[in-house]
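S.K.: Here you go, this is upload_16.cif (mmCIF, C-alpha atoms and all ligand atoms; chains and numbers go by the auth columns).
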data_my_file
loop_
_atom_site.group_PDB
_atom_site.id
_atom_site.type_symbol
_atom_site.label_atom_id
_atom_site.label_comp_id
_atom_site.label_asym_id
_atom_site.label_seq_id
_atom_site.Cartn_x
_atom_site.Cartn_y
_atom_site.Cartn_z
_atom_site.B_iso_or_equiv
_atom_site.auth_seq_id
_atom_site.auth_asym_id
ATOM 1 C CA MET A 1 0.512 5.405 17.493 0.00 7 A
ATOM 2 C CA LYS A 2 -2.125 7.664 15.984 0.00 8 A
ATOM 3 C CA LEU A 3 -5.226 6.000 14.542 0.00 9 A
ATOM 4 C CA TYR A 4 -8.128 7.651 12.767 0.00 10 A
ATOM 5 C CA ARG A 5 -11.418 5.796 12.738 0.00 11 A
ATOM 6 C CA PHE A 6 -14.353 6.861 10.592 0.00 12 A
ATOM 7 C CA CYS A 7 -17.449 4.745 10.991 0.00 13 A
ATOM 8 C CA GLY A 8 -19.498 5.016 7.822 0.00 14 A
ATOM 9 C CA GLY A 9 -21.205 2.323 5.787 0.00 15 A
ATOM 10 C CA GLY A 10 -19.826 0.045 3.104 0.00 16 A
ATOM 11 C CA ALA A 11 -16.618 -1.920 2.874 0.00 17 A
ATOM 12 C CA ARG A 12 -14.108 -1.505 5.661 0.00 18 A
ATOM 13 C CA LYS A 13 -10.748 -0.072 4.580 0.00 19 A
ATOM 14 C CA LEU A 14 -7.440 0.059 6.415 0.00 20 A
ATOM 15 C CA PHE A 15 -4.649 2.448 5.380 0.00 21 A
ATOM 16 C CA VAL A 16 -1.314 1.948 7.141 0.00 22 A
ATOM 17 C CA GLY A 17 2.026 3.727 6.737 0.00 23 A
ATOM 18 C CA GLY A 18 5.444 3.739 8.379 0.00 24 A
ATOM 19 C CA LEU A 19 5.778 0.025 9.033 0.00 25 A
ATOM 20 C CA HIS A 20 9.461 0.073 9.961 0.00 26 A
ATOM 21 C CA GLY A 21 12.528 2.260 10.338 0.00 27 A
ATOM 22 C CA ASP A 22 11.998 5.941 9.557 0.00 28 A
ATOM 23 C CA GLU A 23 9.406 5.442 6.801 0.00 29 A
ATOM 24 C CA GLY A 24 6.749 7.085 8.949 0.00 30 A
ATOM 25 C CA LEU A 25 8.439 10.456 8.435 0.00 31 A
ATOM 26 C CA TYR A 26 7.480 10.177 4.770 0.00 32 A
ATOM 27 C CA THR A 27 4.149 8.343 4.934 0.00 33 A
ATOM 28 C CA ALA A 28 2.551 10.241 7.838 0.00 34 A
ATOM 29 C CA PRO A 29 2.077 13.612 6.071 0.00 35 A
ATOM 30 C CA ILE A 30 0.292 11.891 3.169 0.00 36 A
ATOM 31 C CA LEU A 31 -1.952 9.744 5.357 0.00 37 A
ATOM 32 C CA GLU A 32 -2.695 12.738 7.627 0.00 38 A
ATOM 33 C CA THR A 33 -3.916 14.595 4.540 0.00 39 A
ATOM 34 C CA LEU A 34 -6.038 11.596 3.556 0.00 40 A
ATOM 35 C CA ALA A 35 -7.510 11.469 7.065 0.00 41 A
ATOM 36 C CA SER A 36 -8.412 15.157 7.000 0.00 42 A
ATOM 37 C CA GLU A 37 -10.091 14.714 3.622 0.00 43 A
ATOM 38 C CA ALA A 38 -12.028 11.733 4.952 0.00 44 A
ATOM 39 C CA GLU A 39 -13.004 13.697 8.042 0.00 45 A
ATOM 40 C CA ALA A 40 -14.367 16.538 5.904 0.00 46 A
ATOM 41 C CA ASP A 41 -16.626 14.201 3.935 0.00 47 A
ATOM 42 C CA ASP A 42 -18.614 11.484 5.660 0.00 48 A
ATOM 43 C CA ASN A 43 -19.455 9.708 2.399 0.00 49 A
ATOM 44 C CA TYR A 44 -16.233 7.754 2.567 0.00 50 A
ATOM 45 C CA GLY A 45 -17.450 4.883 4.675 0.00 51 A
ATOM 46 C CA ASP A 46 -15.798 2.645 7.168 0.00 52 A
ATOM 47 C CA LEU A 47 -12.153 3.673 7.509 0.00 53 A
ATOM 48 C CA ILE A 48 -9.146 3.105 9.696 0.00 54 A
ATOM 49 C CA ILE A 49 -6.114 5.278 8.911 0.00 55 A
ATOM 50 C CA VAL A 50 -2.760 4.844 10.692 0.00 56 A
ATOM 51 C CA PRO A 51 -0.299 7.479 9.384 0.00 57 A
ATOM 52 C CA SER A 52 2.672 5.701 10.938 0.00 58 A
ATOM 53 C CA LEU A 53 2.801 2.401 12.808 0.00 59 A
ATOM 54 C CA THR A 54 6.199 3.305 14.207 0.00 60 A
ATOM 55 C CA MET A 55 8.398 6.392 14.336 0.00 61 A
ATOM 56 C CA GLY A 56 12.047 5.470 14.150 0.00 62 A
ATOM 57 C CA GLY A 57 11.762 1.795 15.035 0.00 63 A
ATOM 58 C CA ARG A 58 14.219 -0.837 13.888 0.00 64 A
ATOM 59 C CA TYR A 59 14.155 -1.703 10.217 0.00 65 A
ATOM 60 C CA ILE A 60 12.987 -5.290 9.702 0.00 66 A
ATOM 61 C CA GLY A 61 11.745 -6.146 6.207 0.00 67 A
ATOM 62 C CA VAL A 62 8.047 -7.028 5.984 0.00 68 A
ATOM 63 C CA LEU A 63 8.827 -10.145 3.931 0.00 69 A
ATOM 64 C CA SER A 64 10.472 -11.777 6.935 0.00 70 A
ATOM 65 C CA GLU A 65 8.593 -13.756 9.570 0.00 71 A
ATOM 66 C CA GLU A 66 10.654 -11.831 12.133 0.00 72 A
ATOM 67 C CA TYR A 67 8.802 -8.629 11.301 0.00 73 A
ATOM 68 C CA TYR A 68 5.519 -10.147 12.479 0.00 74 A
ATOM 69 C CA ARG A 69 7.132 -10.969 15.827 0.00 75 A
ATOM 70 C CA SER A 70 8.345 -7.363 16.276 0.00 76 A
ATOM 71 C CA ARG A 71 6.286 -4.794 18.175 0.00 77 A
ATOM 72 C CA GLU A 72 5.236 -3.008 14.951 0.00 78 A
ATOM 73 C CA GLY A 73 4.459 -6.302 13.230 0.00 79 A
ATOM 74 C CA MET A 74 2.255 -7.452 16.080 0.00 80 A
ATOM 75 C CA ILE A 75 0.384 -4.138 16.141 0.00 81 A
ATOM 76 C CA LEU A 76 -0.202 -4.508 12.396 0.00 82 A
ATOM 77 C CA THR A 77 -1.528 -8.072 12.541 0.00 83 A
ATOM 78 C CA GLY A 78 -3.584 -7.045 15.582 0.00 84 A
ATOM 79 C CA LEU A 79 -5.235 -4.255 13.557 0.00 85 A
ATOM 80 C CA ILE A 80 -6.025 -6.617 10.679 0.00 86 A
ATOM 81 C CA LYS A 81 -7.478 -9.283 12.961 0.00 87 A
ATOM 82 C CA ARG A 82 -9.488 -6.760 14.924 0.00 88 A
ATOM 83 C CA TYR A 83 -10.931 -4.716 12.065 0.00 89 A
ATOM 84 C CA LYS A 84 -10.989 -7.384 9.306 0.00 90 A
ATOM 85 C CA PRO A 85 -10.746 -4.824 6.483 0.00 91 A
ATOM 86 C CA SER A 86 -11.719 -5.877 2.965 0.00 92 A
ATOM 87 C CA PHE A 87 -9.476 -3.186 1.474 0.00 93 A
ATOM 88 C CA TYR A 88 -5.928 -2.802 2.735 0.00 94 A
ATOM 89 C CA PHE A 89 -3.374 -0.198 1.645 0.00 95 A
ATOM 90 C CA GLU A 90 0.197 -0.346 2.907 0.00 96 A
ATOM 91 C CA LEU A 91 2.314 2.751 2.354 0.00 97 A
ATOM 92 C CA HIS A 92 6.114 2.491 2.431 0.00 98 A
ATOM 93 C CA ALA A 93 8.991 4.816 1.545 0.00 99 A
ATOM 94 C CA TYR A 94 12.198 3.652 -0.144 0.00 100 A
ATOM 95 C CA GLY A 95 15.625 5.161 -0.697 0.00 101 A
ATOM 96 C CA GLU A 96 17.039 5.804 -4.154 0.00 102 A
ATOM 97 C CA SER A 97 19.626 3.036 -3.754 0.00 103 A
ATOM 98 C CA SER A 98 16.836 0.453 -3.314 0.00 104 A
ATOM 99 C CA TYR A 99 15.108 1.267 -6.593 0.00 105 A
ATOM 100 C CA HIS A 100 16.918 -1.370 -8.614 0.00 106 A
ATOM 101 C CA ARG A 101 16.418 -4.118 -6.032 0.00 107 A
ATOM 102 C CA LEU A 102 12.700 -3.398 -5.637 0.00 108 A
ATOM 103 C CA THR A 103 11.986 -3.297 -9.371 0.00 109 A
ATOM 104 C CA ASN A 104 14.471 -5.988 -10.421 0.00 110 A
ATOM 105 C CA PRO A 105 12.834 -8.512 -12.800 0.00 111 A
ATOM 106 C CA GLU A 106 14.880 -11.154 -10.914 0.00 112 A
ATOM 107 C CA ARG A 107 13.316 -10.186 -7.572 0.00 113 A
ATOM 108 C CA GLU A 108 11.221 -13.332 -7.339 0.00 114 A
ATOM 109 C CA LYS A 109 14.357 -15.478 -7.714 0.00 115 A
ATOM 110 C CA ARG A 110 16.293 -13.365 -5.204 0.00 116 A
ATOM 111 C CA GLU A 111 13.714 -12.419 -2.596 0.00 117 A
ATOM 112 C CA GLY A 112 10.860 -14.795 -3.289 0.00 118 A
ATOM 113 C CA VAL A 113 8.344 -12.125 -4.309 0.00 119 A
ATOM 114 C CA PRO A 114 7.527 -10.357 -7.582 0.00 120 A
ATOM 115 C CA PRO A 115 9.179 -6.995 -8.331 0.00 121 A
ATOM 116 C CA PHE A 116 7.332 -3.737 -7.792 0.00 122 A
ATOM 117 C CA VAL A 117 6.074 -1.951 -10.863 0.00 123 A
ATOM 118 C CA ASP A 118 7.060 1.665 -11.472 0.00 124 A
ATOM 119 C CA LEU A 119 3.894 3.633 -12.208 0.00 125 A
ATOM 120 C CA ASP A 120 5.644 6.023 -14.564 0.00 126 A
ATOM 121 C CA ASP A 121 4.376 5.935 -18.096 0.00 127 A
ATOM 122 C CA HIS A 122 4.030 8.377 -20.952 0.00 128 A
ATOM 123 C CA GLU A 123 1.202 10.308 -19.375 0.00 129 A
ATOM 124 C CA HIS A 124 2.849 10.796 -16.009 0.00 130 A
ATOM 125 C CA THR A 125 5.961 12.532 -14.834 0.00 131 A
ATOM 126 C CA HIS A 126 8.768 10.416 -13.484 0.00 132 A
ATOM 127 C CA ASN A 127 7.728 10.261 -9.879 0.00 133 A
ATOM 128 C CA HIS A 128 9.069 6.750 -9.214 0.00 134 A
ATOM 129 C CA ILE A 129 6.051 5.671 -7.190 0.00 135 A
ATOM 130 C CA LEU A 130 6.016 1.879 -7.049 0.00 136 A
ATOM 131 C CA LEU A 131 3.053 -0.451 -6.753 0.00 137 A
ATOM 132 C CA GLY A 132 2.843 -4.118 -5.855 0.00 138 A
ATOM 133 C CA SER A 133 1.270 -6.843 -3.799 0.00 139 A
ATOM 134 C CA ILE A 134 1.702 -7.142 -0.024 0.00 140 A
ATOM 135 C CA ALA A 135 3.933 -9.657 1.755 0.00 141 A
ATOM 136 C CA PRO A 136 2.616 -13.210 1.090 0.00 142 A
ATOM 137 C CA VAL A 137 2.754 -14.060 4.804 0.00 143 A
ATOM 138 C CA LEU A 138 0.481 -11.078 5.537 0.00 144 A
ATOM 139 C CA ARG A 139 -1.831 -11.792 2.574 0.00 145 A
ATOM 140 C CA GLU A 140 -2.774 -15.036 4.341 0.00 146 A
ATOM 141 C CA LEU A 141 -4.594 -13.015 7.008 0.00 147 A
ATOM 142 C CA PHE A 142 -7.010 -11.741 4.360 0.00 148 A
ATOM 143 C CA SER A 143 -9.598 -13.614 2.377 0.00 149 A
ATOM 144 C CA ALA A 144 -9.459 -14.186 -1.378 0.00 150 A
ATOM 145 C CA GLY A 145 -11.967 -11.442 -2.160 0.00 151 A
ATOM 146 C CA ASP A 146 -10.097 -8.749 -0.225 0.00 152 A
ATOM 147 C CA PHE A 147 -8.047 -6.098 -2.011 0.00 153 A
ATOM 148 C CA CYS A 148 -4.494 -5.573 -0.692 0.00 154 A
ATOM 149 C CA LEU A 149 -1.971 -3.193 -2.186 0.00 155 A
ATOM 150 C CA THR A 150 1.492 -1.872 -1.360 0.00 156 A
ATOM 151 C CA ILE A 151 2.616 1.568 -2.501 0.00 157 A
ATOM 152 C CA GLU A 152 6.284 2.580 -2.222 0.00 158 A
ATOM 153 C CA LEU A 153 7.046 6.283 -2.368 0.00 159 A
ATOM 154 C CA PRO A 154 10.508 7.664 -3.130 0.00 160 A
ATOM 155 C CA LYS A 155 11.998 9.177 0.050 0.00 161 A
ATOM 156 C CA TRP A 156 14.201 11.589 -1.869 0.00 162 A
ATOM 157 C CA ARG A 157 11.186 13.026 -3.714 0.00 163 A
ATOM 158 C CA SER A 158 8.633 12.892 -0.920 0.00 164 A
ATOM 159 C CA ASP A 159 8.688 16.669 -0.349 0.00 165 A
ATOM 160 C CA GLU A 160 7.533 17.305 -3.884 0.00 166 A
ATOM 161 C CA GLU A 161 3.918 18.304 -4.220 0.00 167 A
ATOM 162 C CA GLY A 162 3.541 16.282 -7.439 0.00 168 A
ATOM 163 C CA VAL A 163 4.696 13.077 -5.752 0.00 169 A
ATOM 164 C CA ARG A 164 2.442 13.505 -2.712 0.00 170 A
ATOM 165 C CA GLU A 165 -0.491 14.389 -4.927 0.00 171 A
ATOM 166 C CA GLU A 166 -0.026 11.309 -7.097 0.00 172 A
ATOM 167 C CA VAL A 167 0.072 9.003 -4.068 0.00 173 A
ATOM 168 C CA LEU A 168 -3.018 10.745 -2.711 0.00 174 A
ATOM 169 C CA GLN A 169 -4.818 10.217 -6.012 0.00 175 A
ATOM 170 C CA ILE A 170 -4.297 6.473 -5.715 0.00 176 A
ATOM 171 C CA LEU A 171 -5.389 6.464 -2.070 0.00 177 A
ATOM 172 C CA ARG A 172 -8.480 8.530 -2.937 0.00 178 A
ATOM 173 C CA ILE A 173 -9.503 5.833 -5.431 0.00 179 A
ATOM 174 C CA GLY A 174 -9.242 3.554 -2.417 0.00 180 A
ATOM 175 C CA LEU A 175 -11.534 5.837 -0.422 0.00 181 A
ATOM 176 C CA LEU A 176 -14.112 6.063 -3.198 0.00 182 A
ATOM 177 C CA SER A 177 -14.233 2.503 -4.530 0.00 183 A
ATOM 178 C CA LEU A 178 -17.101 0.376 -3.293 0.00 184 A
ATOM 179 C CA THR A 179 -15.844 -2.916 -4.711 0.00 185 A
ATOM 180 C CA ARG A 180 -12.506 -4.439 -5.719 0.00 186 A
ATOM 181 C CA THR A 181 -13.662 -4.407 -9.364 0.00 187 A
ATOM 182 C CA GLU A 182 -14.247 -0.675 -9.157 0.00 188 A
ATOM 183 C CA MET A 183 -10.843 -0.149 -7.552 0.00 189 A
ATOM 184 C CA LEU A 184 -9.093 -2.134 -10.291 0.00 190 A
ATOM 185 C CA THR A 185 -11.029 -0.445 -13.085 0.00 191 A
ATOM 186 C CA GLN A 186 -9.980 2.994 -11.829 0.00 192 A
ATOM 187 C CA LEU A 187 -6.334 1.980 -11.414 0.00 193 A
ATOM 188 C CA ARG A 188 -6.259 0.455 -14.908 0.00 194 A
ATOM 189 C CA LYS A 189 -7.644 3.710 -16.305 0.00 195 A
ATOM 190 C CA MET A 190 -4.931 5.745 -14.582 0.00 196 A
ATOM 191 C CA TYR A 191 -2.041 3.390 -15.298 0.00 197 A
ATOM 192 C CA PRO A 192 -2.933 1.045 -18.168 0.00 198 A
ATOM 193 C CA ASP A 193 0.587 -0.271 -18.837 0.00 199 A
ATOM 194 C CA ALA A 194 1.786 -0.488 -15.252 0.00 200 A
ATOM 195 C CA LEU A 195 -1.382 -2.272 -14.113 0.00 201 A
ATOM 196 C CA LYS A 196 -1.110 -4.802 -16.918 0.00 202 A
ATOM 197 C CA ARG A 197 2.410 -5.620 -15.734 0.00 203 A
ATOM 198 C CA ALA A 198 1.515 -5.650 -12.037 0.00 204 A
ATOM 199 C CA GLU A 199 -1.478 -7.935 -12.599 0.00 205 A
ATOM 200 C CA ALA A 200 0.556 -10.315 -14.765 0.00 206 A
ATOM 201 C CA LEU A 201 3.254 -10.524 -12.065 0.00 207 A
ATOM 202 C CA PHE A 202 0.628 -11.219 -9.421 0.00 208 A
ATOM 203 C CA ILE A 203 -1.017 -13.989 -11.458 0.00 209 A
ATOM 204 C CA GLN A 204 2.362 -15.533 -12.244 0.00 210 A
ATOM 205 C CA TYR A 205 3.146 -15.600 -8.506 0.00 211 A
ATOM 206 C CA TYR A 206 -0.186 -16.765 -7.057 0.00 212 A
ATOM 207 C CA HIS A 207 -1.310 -18.712 -10.161 0.00 213 A
ATOM 208 C CA SER A 208 -5.066 -19.082 -9.904 0.00 214 A
ATOM 209 C CA ARG A 209 -5.206 -19.119 -6.107 0.00 215 A
ATOM 210 C CA LEU A 210 -5.844 -15.364 -5.871 0.00 216 A
ATOM 211 C CA GLU A 211 -6.938 -12.614 -8.192 0.00 217 A
ATOM 212 C CA PRO A 212 -4.935 -9.386 -8.219 0.00 218 A
ATOM 213 C CA PHE A 213 -4.449 -8.000 -5.637 0.00 219 A
HETATM 214 ZN ZN ZN B . 9.022 -0.381 4.052 0.00 301 A
#
Output the file's structure in the form of C-alpha cells.
Ligand SMILES: [Zn+2]

M.R.:
Amino acid sequence: MKLYRFCGGGARKLFVGGLHGDEGLYTAPILETLASEAEADDNYGDLIIVPSLTMGGRYIGVLSEEYYRSREGMILTGLIKRYKPSFYFELHAYGESSYHRLTNPEREKREGVPPFVDLDDHEHTHNHILLGSIAPVLRELFSAGDFCLTIELPKWRSDEEGVREEVLQILRIGLLSLTRTEMLTQLRKMYPDALKRAEALFIQYYHSRLEPF
C-alpha cells in the first residue's frame, strides 16, 4: 500500500481511496495527482494520502461490520487511530448499475443510511459524481468536530478529464480549507442545491448529535 505523508502545520487530513474490490484502479490516478500537487506546494499542511488501500481485494461493503474485520478494513481503522485526522475524505468508484441504489430516496429504509446526492446541477455537466456521509460505524472513530466525507466517482466515466478534474476540485478544497466551516462554505458555493440536500439528509439521519458532515 502506497502512503504519502506531508508534515506541514494546521489540521491533519487523511485522503483514502480504493477501499475494496477494484475501486483503486479508478481512485489511485486522482489521488496520485493530488499527492503530486501537495508535494509541489508545502503550504498544504499535515496530510496523509493513500491512493488505494487495496488493489483487487474482495468486495465487502463499508457499511458492514465485516468490512472492518477484513485486512483492508483493519488497515483503514489503523490509519485513523494512528493519525487521528480532523478531516477525512473517502474516495470510492461505483458502476453504472449501482447509481439508482446509491441515490435511491428509500436508501435509508433499505440499507440504513441516507442516499448519496448527485452533484450535478444547472451549472455543471452531468458527471454523476456523488457525495455523502461516511459509514456510521466508521464515523464513531472520529469526534463530533471532525469533517468526514465520501465521494463516489462513476467508473464508466473515470477516464474523462472533466470527471477527474471535478473530483480534484473538491479534494483541493479539502487541501486548502483550514476549518470545517471553511470547507462547508466552499462546497456550498460550488454546489448550492446538492449541498442543501446532502446536509438535510445528514441532519435527518444524525438528528442533532452531529453537524454535517
Ligand atoms: Zn466503494

S.K.: Would you compute the distance between CA of Leu159 in chain A and CA of Asp47 in chain A? Give it in Å to one decimal.

M.R.: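 Distance reported for this atom pair: 25.7 Å.
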
S.K.: Report as JSON lines: every residue of chain A with an atom at most 9 Å from ligand ZN 301 (chain A), its closest pair of atoms, and their distance in Å to one decimal, counting all atoms listed in the file, with rows sorted by chain and ascending residue number.

M.R.:
{"residue": "A:Gly23", "atom": "CA", "partner": "A:ZN301", "partner_atom": "ZN", "distance": 8.5}
{"residue": "A:Gly24", "atom": "CA", "partner": "A:ZN301", "partner_atom": "ZN", "distance": 7.0}
{"residue": "A:Leu25", "atom": "CA", "partner": "A:ZN301", "partner_atom": "ZN", "distance": 6.0}
{"residue": "A:His26", "atom": "CA", "partner": "A:ZN301", "partner_atom": "ZN", "distance": 5.9}
{"residue": "A:Gly27", "atom": "CA", "partner": "A:ZN301", "partner_atom": "ZN", "distance": 7.7}
{"residue": "A:Asp28", "atom": "CA", "partner": "A:ZN301", "partner_atom": "ZN", "distance": 8.9}
{"residue": "A:Glu29", "atom": "CA", "partner": "A:ZN301", "partner_atom": "ZN", "distance": 6.5}
{"residue": "A:Tyr65", "atom": "CA", "partner": "A:ZN301", "partner_atom": "ZN", "distance": 8.1}
{"residue": "A:Ile66", "atom": "CA", "partner": "A:ZN301", "partner_atom": "ZN", "distance": 8.5}
{"residue": "A:Gly67", "atom": "CA", "partner": "A:ZN301", "partner_atom": "ZN", "distance": 6.7}
{"residue": "A:Val68", "atom": "CA", "partner": "A:ZN301", "partner_atom": "ZN", "distance": 7.0}
{"residue": "A:Glu96", "atom": "CA", "partner": "A:ZN301", "partner_atom": "ZN", "distance": 8.9}
{"residue": "A:Leu97", "atom": "CA", "partner": "A:ZN301", "partner_atom": "ZN", "distance": 7.6}
{"residue": "A:His98", "atom": "CA", "partner": "A:ZN301", "partner_atom": "ZN", "distance": 4.4}
{"residue": "A:Ala99", "atom": "CA", "partner": "A:ZN301", "partner_atom": "ZN", "distance": 5.8}
{"residue": "A:Tyr100", "atom": "CA", "partner": "A:ZN301", "partner_atom": "ZN", "distance": 6.6}
{"residue": "A:Glu158", "atom": "CA", "partner": "A:ZN301", "partner_atom": "ZN", "distance": 7.5}

S.K.: Please provide the set of residues having any atom within 10 Å of Pro35 in chain A, restricted to all atoms listed in the file, with same-chain residues fewer than 3 positions apart removed, written as an mmCIF file with C-alpha atoms, in the frame of the given file.

M.R.:
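Produced file out19.cif, reproduced below:
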data_model
loop_
_atom_site.group_PDB
_atom_site.id
_atom_site.type_symbol
_atom_site.label_atom_id
_atom_site.label_comp_id
_atom_site.auth_asym_id
_atom_site.auth_seq_id
_atom_site.Cartn_x
_atom_site.Cartn_y
_atom_site.Cartn_z
ATOM 1 C CA GLY A 23 2.026 3.727 6.737
ATOM 2 C CA GLY A 30 6.749 7.085 8.949
ATOM 3 C CA LEU A 31 8.439 10.456 8.435
ATOM 4 C CA TYR A 32 7.480 10.177 4.770
ATOM 5 C CA GLU A 38 -2.695 12.738 7.627
ATOM 6 C CA THR A 39 -3.916 14.595 4.540
ATOM 7 C CA LEU A 40 -6.038 11.596 3.556
ATOM 8 C CA ALA A 41 -7.510 11.469 7.065
ATOM 9 C CA PRO A 57 -0.299 7.479 9.384
ATOM 10 C CA SER A 58 2.672 5.701 10.938
ATOM 11 C CA SER A 164 8.633 12.892 -0.920
ATOM 12 C CA ASP A 165 8.688 16.669 -0.349
ATOM 13 C CA ARG A 170 2.442 13.505 -2.712
#

S.K.: Given the choices A:Thr33, A:Ile54, A:Glu217, A:Glu45, which gets closest to Gly151 in chain A if the distance is worked out from all atoms listed in the file?

M.R.: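 Using all atoms listed in the file, Gly151 in chain A sits closest to A:Glu217.
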
S.K.: Excluding Thr191 in chain A and its own-chain neighbours fewer than 5 positions away, which residues fall within 12 Å of it when counting only C-alpha atoms? Please give them as a VMD selection string.

M.R.: chain A and resid 179 to 180 183 to 186 196 to 198 201 to 202 218

S.K.: Hey, what's within 8 Å of Pro91 in chain A if we count all atoms listed in the file and toss same-chain stuff fewer than 6 positions away? As a short mmCIF file (atom, residue, chain, number, x, y, z; two decimals) with C-alpha atoms, in the coordinates of the input, please?

M.R.:
data_model
loop_
_atom_site.label_atom_id
_atom_site.label_comp_id
_atom_site.auth_asym_id
_atom_site.auth_seq_id
_atom_site.Cartn_x
_atom_site.Cartn_y
_atom_site.Cartn_z
CA ALA A 17 -16.62 -1.92 2.87
CA ARG A 18 -14.11 -1.50 5.66
CA LYS A 19 -10.75 -0.07 4.58
CA LEU A 20 -7.44 0.06 6.42
CA ASP A 152 -10.10 -8.75 -0.22
#

S.K.: In Å, how far is it from CA of Glu166 in chain A to CA of Thr60 in chain A?

M.R.: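 Result for CA of Glu166 in chain A versus CA of Thr60 in chain A: 22.9 Å, one decimal.
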
S.K.: Taking all listed atoms of range 70-81 of chain A, build the axis-aligned box, pad each of the six sides by 4 Å, then write its centre and edge lengths in Å to one decimal as lines of an AutoDock Vina configuration file.

M.R.:
center_x = 5.5
center_y = -8.4
center_z = 12.6
size_x = 18.3
size_y = 18.7
size_z = 19.2

S.K.: To test your reading of the syntax: which residues would the PyMOL selection byres (((chain A and resi 105) around 10) and not hetatm) return for the file shown? Reply as a ChimeraX atom specification.

M.R.: /A:100-104,106-110,122,124,134,136,158,160

S.K.: Can you measure CA of Thr187 in chain A to CA of Cys13 in chain A for me? One decimal in Å is fine.

M.R.: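 Here the two named atoms are 22.6 Å from each other.
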
S.K.: Between A:Gly168, A:Gly62, A:Gly14, A:Pro120, which residue has the minimum interatomic distance to Arg203 in chain A, considering all atoms listed in the file?

M.R.: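 Of A:Gly168, A:Gly62, A:Gly14, A:Pro120, the one nearest Arg203 in chain A, counting all atoms listed in the file, is A:Pro120.
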
S.K.: With the file shown as input, list the residues that the PyMOL selection byres (((chain A and resi 8) around 8) and not hetatm) selects, as a PDB file with C-alpha atoms, in the frame of the given file.

M.R.:
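Here's the written file result-v7.pdb:
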ATOM      1  CA  MET A   7       0.512   5.405  17.493  1.00  0.00           C
ATOM      2  CA  LEU A   9      -5.226   6.000  14.542  1.00  0.00           C
ATOM      3  CA  TYR A  10      -8.128   7.651  12.767  1.00  0.00           C
ATOM      4  CA  VAL A  56      -2.760   4.844  10.692  1.00  0.00           C
ATOM      5  CA  PRO A  57      -0.299   7.479   9.384  1.00  0.00           C
ATOM      6  CA  SER A  58       2.672   5.701  10.938  1.00  0.00           C
ATOM      7  CA  LEU A  59       2.801   2.401  12.808  1.00  0.00           C
TER       8      LEU A  59
END
